[in-house]
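**Student:** Handing over target-v8.txt, compact mmCIF, C-alpha atoms.
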```
# COMPACT_ATOMS: atom_id res chain seq x y z
CA MET A 1 -45.85 54.60 -47.97
CA LEU A 2 -46.18 53.99 -51.71
CA SER A 3 -42.43 53.87 -52.15
CA ALA A 4 -42.15 51.36 -49.29
CA ILE A 5 -44.75 49.13 -50.96
CA LEU A 6 -43.01 49.36 -54.32
CA GLN A 7 -39.67 48.55 -52.69
CA ALA A 8 -41.23 45.54 -50.98
CA LEU A 9 -42.69 44.34 -54.29
CA LEU A 10 -39.29 44.71 -55.96
CA ASN A 11 -37.54 42.86 -53.14
CA GLY A 12 -40.23 40.18 -53.27
CA LEU A 13 -39.66 39.70 -56.99
CA MET A 14 -35.94 39.20 -56.38
CA THR A 15 -36.57 36.82 -53.47
CA GLY A 16 -39.16 34.87 -55.43
CA ALA A 17 -36.78 34.41 -58.36
CA LEU A 18 -34.21 32.90 -55.98
CA ILE A 19 -36.78 30.59 -54.38
CA ALA A 20 -38.12 29.48 -57.76
CA ILE A 21 -35.00 27.54 -58.76
CA PRO A 22 -35.03 24.95 -55.92
CA ALA A 23 -38.86 24.99 -55.98
CA ILE A 24 -38.76 23.83 -59.61
CA GLY A 25 -36.36 21.05 -58.58
CA PHE A 26 -38.69 20.00 -55.78
CA SER A 27 -41.69 19.91 -58.15
CA ALA A 28 -39.77 17.99 -60.82
CA ILE A 29 -38.90 15.22 -58.37
CA PHE A 30 -42.45 15.11 -57.03
CA ALA A 31 -44.01 15.01 -60.51
CA VAL A 32 -42.03 11.95 -61.59
CA LEU A 33 -41.43 10.03 -58.35
CA ARG A 34 -44.69 11.07 -56.61
CA TYR A 35 -43.28 11.88 -53.19
CA PRO A 36 -42.10 15.16 -51.60
CA SER A 37 -38.30 14.99 -51.34
CA PHE A 38 -37.37 17.09 -48.32
CA ALA A 39 -33.76 16.04 -48.93
CA ILE A 40 -33.82 18.99 -51.34
CA ALA A 41 -32.64 21.08 -48.36
CA GLY A 42 -29.52 18.96 -48.12
CA TYR A 43 -28.88 19.34 -51.85
CA ILE A 44 -29.17 23.12 -51.47
CA THR A 45 -26.59 23.08 -48.68
CA ILE A 46 -24.21 20.78 -50.54
CA GLY A 47 -24.48 22.92 -53.66
CA ALA A 48 -23.85 26.08 -51.65
CA PHE A 49 -20.68 24.67 -50.09
CA ALA A 50 -19.46 23.12 -53.34
CA GLY A 51 -19.81 26.50 -55.02
CA TRP A 52 -18.11 28.23 -52.08
CA THR A 53 -15.18 25.81 -52.27
CA LEU A 54 -14.69 26.50 -55.98
CA ASN A 55 -15.16 30.25 -55.62
CA VAL A 56 -13.21 30.93 -52.40
CA SER A 57 -10.84 28.03 -51.83
CA PHE A 58 -9.84 27.67 -55.50
CA GLY A 59 -10.43 31.27 -56.58
CA LEU A 60 -12.64 30.36 -59.53
CA SER A 61 -15.37 32.53 -61.01
CA MET A 62 -19.00 32.43 -59.96
CA GLU A 63 -19.91 30.93 -63.34
CA VAL A 64 -17.65 27.94 -62.66
CA ALA A 65 -18.98 27.76 -59.10
CA LEU A 66 -22.55 27.55 -60.40
CA VAL A 67 -21.74 24.73 -62.81
CA GLY A 68 -19.69 22.84 -60.22
CA ALA A 69 -22.36 23.21 -57.55
CA ALA A 70 -25.04 21.92 -59.93
CA LEU A 71 -22.96 18.85 -60.76
CA VAL A 72 -22.04 18.06 -57.15
CA ALA A 73 -25.62 18.52 -55.92
CA ALA A 74 -26.94 16.38 -58.79
CA LEU A 75 -24.51 13.59 -57.86
CA ALA A 76 -25.55 13.87 -54.20
CA ALA A 77 -29.23 13.67 -55.17
CA VAL A 78 -28.74 10.63 -57.41
CA ALA A 79 -26.62 8.86 -54.79
CA THR A 80 -29.20 9.57 -52.07
CA GLU A 81 -32.09 8.40 -54.22
CA GLN A 82 -30.43 5.28 -55.62
CA THR A 83 -28.91 4.00 -52.39
CA ILE A 84 -31.55 4.86 -49.78
CA ILE A 85 -34.84 6.42 -50.83
CA SER A 86 -35.52 4.13 -53.82
CA ARG A 87 -35.74 1.25 -51.34
CA LEU A 88 -38.36 3.12 -49.34
CA ARG A 89 -40.62 4.24 -52.20
CA PRO A 90 -42.37 0.85 -52.58
CA SER A 91 -43.70 1.37 -49.03
CA GLY A 92 -45.48 4.56 -50.05
CA ALA A 93 -44.98 8.28 -50.47
CA LEU A 94 -45.13 8.98 -46.73
CA THR A 95 -42.34 6.52 -45.98
CA ALA A 96 -40.20 7.98 -48.77
CA ALA A 97 -40.86 11.53 -47.51
CA ILE A 98 -39.83 10.59 -43.97
CA GLY A 99 -36.73 8.91 -45.36
CA SER A 100 -35.89 12.10 -47.27
CA ILE A 101 -36.11 14.10 -44.04
CA ALA A 102 -33.66 11.69 -42.43
CA MET A 103 -31.31 11.95 -45.42
CA ASN A 104 -31.44 15.74 -45.19
CA LEU A 105 -30.13 15.48 -41.62
CA VAL A 106 -27.39 13.12 -42.79
CA LEU A 107 -26.31 15.46 -45.58
CA GLU A 108 -26.34 18.47 -43.25
CA ASN A 109 -24.07 16.71 -40.79
CA ILE A 110 -21.70 15.56 -43.53
CA VAL A 111 -21.27 19.21 -44.49
CA ARG A 112 -20.87 20.15 -40.83
CA PHE A 113 -18.18 17.50 -40.37
CA PHE A 114 -16.02 18.95 -43.16
CA TYR A 115 -16.77 22.66 -42.86
CA GLY A 116 -17.87 23.27 -39.27
CA ASN A 117 -20.66 25.62 -38.23
CA ASP A 118 -19.10 28.98 -39.12
CA LEU A 119 -20.81 31.36 -41.51
CA ARG A 120 -19.04 31.67 -44.86
CA GLY A 121 -19.40 34.20 -47.63
CA TYR A 122 -18.69 34.07 -51.34
CA ASP A 123 -15.97 36.15 -52.95
CA VAL A 124 -18.20 38.56 -54.83
CA PRO A 125 -17.33 42.23 -55.49
CA LEU A 126 -19.05 44.90 -53.44
CA VAL A 127 -20.93 47.11 -55.86
CA PRO A 128 -23.21 50.05 -54.95
CA ASP A 129 -26.93 49.47 -55.27
CA VAL A 130 -28.72 50.60 -58.39
CA ARG A 131 -31.16 53.42 -57.58
CA PHE A 132 -34.13 54.52 -59.69
CA TRP A 133 -37.48 56.19 -58.97
CA GLY A 134 -36.64 56.27 -55.28
CA LEU A 135 -36.09 52.49 -55.23
CA ARG A 136 -32.89 50.53 -54.89
CA VAL A 137 -31.75 47.06 -55.83
CA GLY A 138 -28.40 45.33 -55.37
CA MET A 139 -26.34 44.24 -58.36
CA GLN A 140 -26.16 40.74 -56.91
CA GLN A 141 -29.96 40.62 -56.83
CA ILE A 142 -30.08 41.68 -60.48
CA GLU A 143 -27.57 38.99 -61.43
CA THR A 144 -29.57 36.42 -59.46
CA LEU A 145 -32.75 37.46 -61.30
CA ILE A 146 -31.04 37.16 -64.69
CA ILE A 147 -29.56 33.74 -63.86
CA SER A 148 -32.92 32.54 -62.52
CA ILE A 149 -34.71 33.62 -65.71
CA ILE A 150 -32.11 31.85 -67.86
CA VAL A 151 -32.34 28.65 -65.79
CA MET A 152 -36.15 28.66 -65.78
CA ALA A 153 -36.24 29.22 -69.54
CA GLY A 154 -33.76 26.38 -69.99
CA VAL A 155 -35.89 24.00 -67.92
CA PHE A 156 -39.05 24.92 -69.83
CA LEU A 157 -37.31 24.39 -73.17
CA PHE A 158 -35.90 21.05 -71.99
CA LEU A 159 -39.33 19.81 -70.92
CA THR A 160 -41.21 21.04 -73.98
CA ARG A 161 -38.71 20.86 -76.85
CA THR A 162 -36.56 17.79 -76.19
CA ARG A 163 -37.46 14.15 -76.57
CA PHE A 164 -36.33 13.27 -73.06
CA GLY A 165 -38.21 16.22 -71.62
CA ARG A 166 -41.41 15.00 -73.24
CA ALA A 167 -40.66 11.54 -71.86
CA MET A 168 -40.44 13.02 -68.36
CA ARG A 169 -43.81 14.68 -68.83
CA ALA A 170 -45.29 11.41 -70.08
CA VAL A 171 -44.03 9.51 -67.02
CA ALA A 172 -45.32 12.26 -64.75
CA ASP A 173 -48.76 11.99 -66.38
CA ASN A 174 -48.98 8.18 -66.35
CA ALA A 175 -45.96 5.97 -65.77
CA ASP A 176 -47.73 2.76 -66.85
CA LEU A 177 -48.92 4.26 -70.13
CA ALA A 178 -45.46 5.73 -70.75
CA ARG A 179 -43.93 2.28 -70.23
CA LEU A 180 -46.26 0.86 -72.91
CA LYS A 181 -44.97 3.56 -75.25
CA GLY A 182 -41.41 2.28 -74.78
CA ILE A 183 -40.30 4.84 -72.19
CA ASP A 184 -38.20 3.53 -69.31
CA PRO A 185 -39.50 5.20 -66.11
CA ARG A 186 -36.29 4.28 -64.25
CA LYS A 187 -34.16 6.35 -66.62
CA VAL A 188 -36.64 9.19 -66.43
CA SER A 189 -36.62 9.05 -62.63
CA PHE A 190 -32.81 9.13 -62.64
CA VAL A 191 -32.79 12.29 -64.77
CA ALA A 192 -35.58 13.90 -62.74
CA VAL A 193 -33.64 13.42 -59.50
CA ALA A 194 -30.42 14.70 -61.10
CA LEU A 195 -32.27 17.73 -62.46
CA GLY A 196 -33.88 18.44 -59.09
CA GLY A 197 -30.54 18.15 -57.31
CA ALA A 198 -28.80 20.37 -59.86
CA LEU A 199 -31.44 23.09 -59.52
CA ALA A 200 -31.20 22.89 -55.73
CA GLY A 201 -27.41 23.26 -55.97
CA LEU A 202 -27.79 26.32 -58.18
CA GLY A 203 -30.24 27.77 -55.67
CA GLY A 204 -27.72 27.20 -52.89
CA VAL A 205 -25.04 29.18 -54.72
CA LEU A 206 -27.42 32.04 -55.53
CA LEU A 207 -28.56 32.12 -51.91
CA GLY A 208 -24.97 32.10 -50.65
CA ALA A 209 -23.90 34.87 -53.01
CA ASP A 210 -26.80 37.00 -51.77
CA THR A 211 -26.20 36.39 -48.05
CA SER A 212 -23.94 33.77 -46.43
CA ILE A 213 -23.99 30.02 -45.89
CA ASP A 214 -23.73 27.48 -43.07
CA PRO A 215 -24.82 23.82 -42.72
CA LEU A 216 -28.41 24.93 -42.08
CA THR A 217 -28.69 27.00 -45.25
CA GLY A 218 -30.98 24.55 -47.01
CA PHE A 219 -33.06 23.81 -43.93
CA ARG A 220 -33.85 27.50 -43.42
CA ILE A 221 -35.27 27.85 -46.90
CA LEU A 222 -36.98 24.42 -47.02
CA LEU A 223 -40.36 25.63 -45.75
CA THR A 224 -40.41 28.48 -48.24
CA VAL A 225 -39.53 26.14 -51.12
CA PHE A 226 -42.18 23.63 -50.03
CA ALA A 227 -44.77 26.39 -49.59
CA ALA A 228 -44.01 27.69 -53.10
CA ALA A 229 -44.48 24.22 -54.60
CA VAL A 230 -47.73 23.62 -52.68
CA LEU A 231 -49.07 27.09 -53.45
CA GLY A 232 -48.48 26.72 -57.18
CA GLY A 233 -49.58 23.09 -57.31
CA LEU A 234 -47.34 20.12 -56.50
CA GLY A 235 -45.82 18.67 -59.64
CA SER A 236 -46.37 21.80 -61.72
CA ILE A 237 -43.22 23.62 -62.92
CA PRO A 238 -45.09 26.82 -63.87
CA GLY A 239 -46.91 26.53 -60.56
CA ALA A 240 -43.60 26.39 -58.68
CA VAL A 241 -42.55 29.66 -60.31
CA VAL A 242 -45.87 31.36 -59.58
CA GLY A 243 -45.82 30.05 -56.02
CA ALA A 244 -42.24 31.21 -55.45
CA LEU A 245 -42.95 34.72 -56.70
CA SER A 246 -46.14 34.87 -54.61
CA ILE A 247 -44.36 33.72 -51.45
CA GLY A 248 -41.44 36.09 -52.05
CA ILE A 249 -43.71 39.10 -52.48
CA ALA A 250 -45.92 38.08 -49.54
CA GLU A 251 -42.90 37.74 -47.24
CA GLU A 252 -41.56 41.17 -48.17
CA LEU A 253 -44.97 42.84 -47.84
CA SER A 254 -45.43 41.22 -44.43
CA LEU A 255 -42.39 43.14 -43.19
CA LEU A 256 -44.34 46.37 -43.61
CA VAL A 257 -46.82 45.38 -40.91
CA LEU A 258 -45.13 42.60 -38.90
CA PRO A 259 -41.77 42.20 -37.15
CA ALA A 260 -39.12 40.38 -39.19
CA THR A 261 -39.31 37.41 -36.80
CA TYR A 262 -42.76 36.57 -38.22
CA ARG A 263 -41.56 36.50 -41.82
CA GLY A 264 -41.13 32.72 -41.80
CA ALA A 265 -44.77 32.29 -40.78
CA VAL A 266 -45.88 33.41 -44.23
CA GLY A 267 -44.98 29.98 -45.61
CA PHE A 268 -47.09 28.22 -42.95
CA VAL A 269 -50.03 30.51 -43.62
CA ALA A 270 -49.76 29.98 -47.39
CA ILE A 271 -49.75 26.19 -46.98
CA LEU A 272 -52.71 26.31 -44.57
CA VAL A 273 -54.79 28.58 -46.79
CA ILE A 274 -54.11 26.76 -50.06
CA LEU A 275 -54.74 23.30 -48.56
CA THR A 276 -57.99 24.55 -47.05
CA PHE A 277 -59.50 26.32 -50.07
CA ARG A 278 -57.64 24.93 -53.09
CA PRO A 279 -55.75 21.71 -52.30
CA ARG A 280 -54.48 21.39 -55.88
CA GLY A 281 -52.74 24.77 -55.77
CA LEU A 282 -53.18 27.96 -57.76
CA LEU A 283 -52.58 26.31 -61.14
CA GLY A 284 -53.96 22.92 -60.18
CA GLU A 285 -51.91 19.73 -60.14
CA ARG A 286 -50.12 19.54 -63.44
CA ALA A 287 -47.42 17.08 -64.47
CA LEU A 288 -44.40 19.28 -65.23
```
Any chance you could give the structure as C-alpha cells?

**Tutor:**
Amino acid sequence: MLSAILQALLNGLMTGALIAIPAIGFSAIFAVLRYPSFAIAGYITIGAFAGWTLNVSFGLSMEVALVGAALVAALAAVATEQTIISRLRPSGALTAAIGSIAMNLVLENIVRFFYGNDLRGYDVPLVPDVRFWGLRVGMQQIETLIISIIVMAGVFLFLTRTRFGRAMRAVADNADLARLKGIDPRKVSFVAVALGGALAGLGGVLLGADTSIDPLTGFRILLTVFAAAVLGGLGSIPGAVVGALSIGIAEELSLLVLPATYRGAVGFVAILVILTFRPRGLLGERAL
C-alpha cells in the first residue's frame, strides 16, 4: 500500500508540473486583464497541433516544436484578444469570460476543420521507464518535469528581474496608478495575453508528447487548469504552481480509492471547497 501511495505522489508531481504551465498562463491573463480567459483551452489545442505539425509532418525536433507551438499559440491568443474579446471587456468580466468560451469553441472547430477528429501522437522515442525503490517513471515524464521547471523559472525571472515584468506586476496591482507612473496598460495587456498563449501552447505540446492529441485536447484539461488557478489564488503565479501540484497529486491519489471515471471530479471538488472556505485561494489573491 505504501508503494502505491508513493507511486501516486510521484505521478501526481509529474501531472501537476504539466498542468502548471497553462495554469500560469491563465493566471497571468487574469491578473492583468481581470477576467478568466477560458479561450486558454483553444490555445492549448492550437499549440498542441502546431507542435505536432512541426514534429511529425516536418520531422523537426521536439525543441523546435515547443518553440513553434509557443509562437503560434501566442499569435492565436493575441489575435483572439485584439479582434474579439477586447471589445467585450468594457461590458464586464462576465461578458468577456462568456466571449472567451465562445472563442474556444471557434478555435476548436478551426483545428477540427484542418485536422479532423482523429487522435494523433508525437514522434517521440519509446524508452523504458526508469525504476527505483520499487517506483517507476517514464522518461517523457522526466523531460516534461525538467522543461516545466525551466519554463516556470523563466517566467519568475521575467516577472521579478526585468523592467517589463515589473511593469506587468504594477498593472496587475493597480492599472490606474501604473498609468500615472508612465506605464502603458495596453502594451502590458498585449504581452500578458501573448505570454499566456505561449505558455498554453507549450502545455499543449507537453500534454501531446505524454499522451495524444485531438481537437478536444485543451477542453479536457480546462477544468483542471481552472481549478489549479482558483485553488492557488486567481492572479497569483506561485499560487497557480501550488494549485497545479495539489490538483495533480489529489487526482492521482483519488485513483487509489475511486474508479478512474471520477478523476475529473477532483477539480470540481477543489473549486467547491476553496470557494466555500477560502475564496481567495491557498496563497490569497496576489498580482503575479

**Student:** Within 12 Å of A:Gly12, counting all atoms listed in the file, which residues qualify if same-chain residues fewer than 4 places away don't, as JSON, numbers by chain?

**Tutor:** {"A": [5, 6, 7, 8, 16, 17, 18, 19, 20, 137, 141, 145, 243, 244, 245, 246, 247, 248, 249, 250, 251, 252, 253, 254, 255]}

**Student:** In Å, with one decimal, what is the gap from atom CA of A:Ile29 to atom CA of A:Val78?

**Tutor:**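 According to the coordinates, atom CA of A:Ile29 and atom CA of A:Val78 are separated by 11.2 Å.
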
**Student:** In Å, rounded to a single decimal, give me how far atom CA of A:Phe38 is from atom CA of A:Thr80.

**Tutor:**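 Computing the Euclidean distance for atom CA of A:Thr80 and atom CA of A:Phe38 yields 11.7 Å.
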
**Student:** Excluding same-chain residues fewer than 6 positions from A:Ala170, what lies within 10 Å of it counting all atoms listed in the file, as a list of chain:residue names?

**Tutor:**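 With the cut-off at 10 Å, the set is A:Val32, A:Phe164, A:Asp176, A:Leu177, A:Ala178, A:Arg179, A:Lys181, A:Ile183, A:Pro185, A:Val188, A:Ala287, A:Leu288.
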
**Student:** If you measure from atom CA of A:Arg112 to atom CA of A:Asp214, what distance in Å do you get, rounded to one decimal?

**Tutor:**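 Pair atom CA of A:Arg112 / atom CA of A:Asp214 returns 8.2 Å.
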
**Student:** Which neighbours of A:Ala65 fall inside 9 Å, counting all atoms listed in the file, when residues of the same chain fewer than 4 positions from it are skipped, and could you give them as a list of chain:residue names?

**Tutor:** A:Ala50, A:Gly51, A:Trp52, A:Thr53, A:Leu54, A:Asn55, A:Leu60, A:Ser61, A:Ala69, A:Ala70, A:Leu202, A:Val205

**Student:** Go through A:Val124, A:Ala194, A:Ile142, A:Leu2 and flag the residue nearest A:Gln82, using only C-alpha atoms for the distances.

**Tutor:**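 Among A:Val124, A:Ala194, A:Ile142, A:Leu2, it is A:Ala194 that comes nearest to A:Gln82.
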
**Student:** Which of these, A:Thr217, A:Thr162, A:Asn117, A:Ser100, has the shortest distance to A:Tyr35 once you count all atoms listed in the file?

**Tutor:**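 Counting all atoms listed in the file, the residue closest to A:Tyr35 is A:Ser100.
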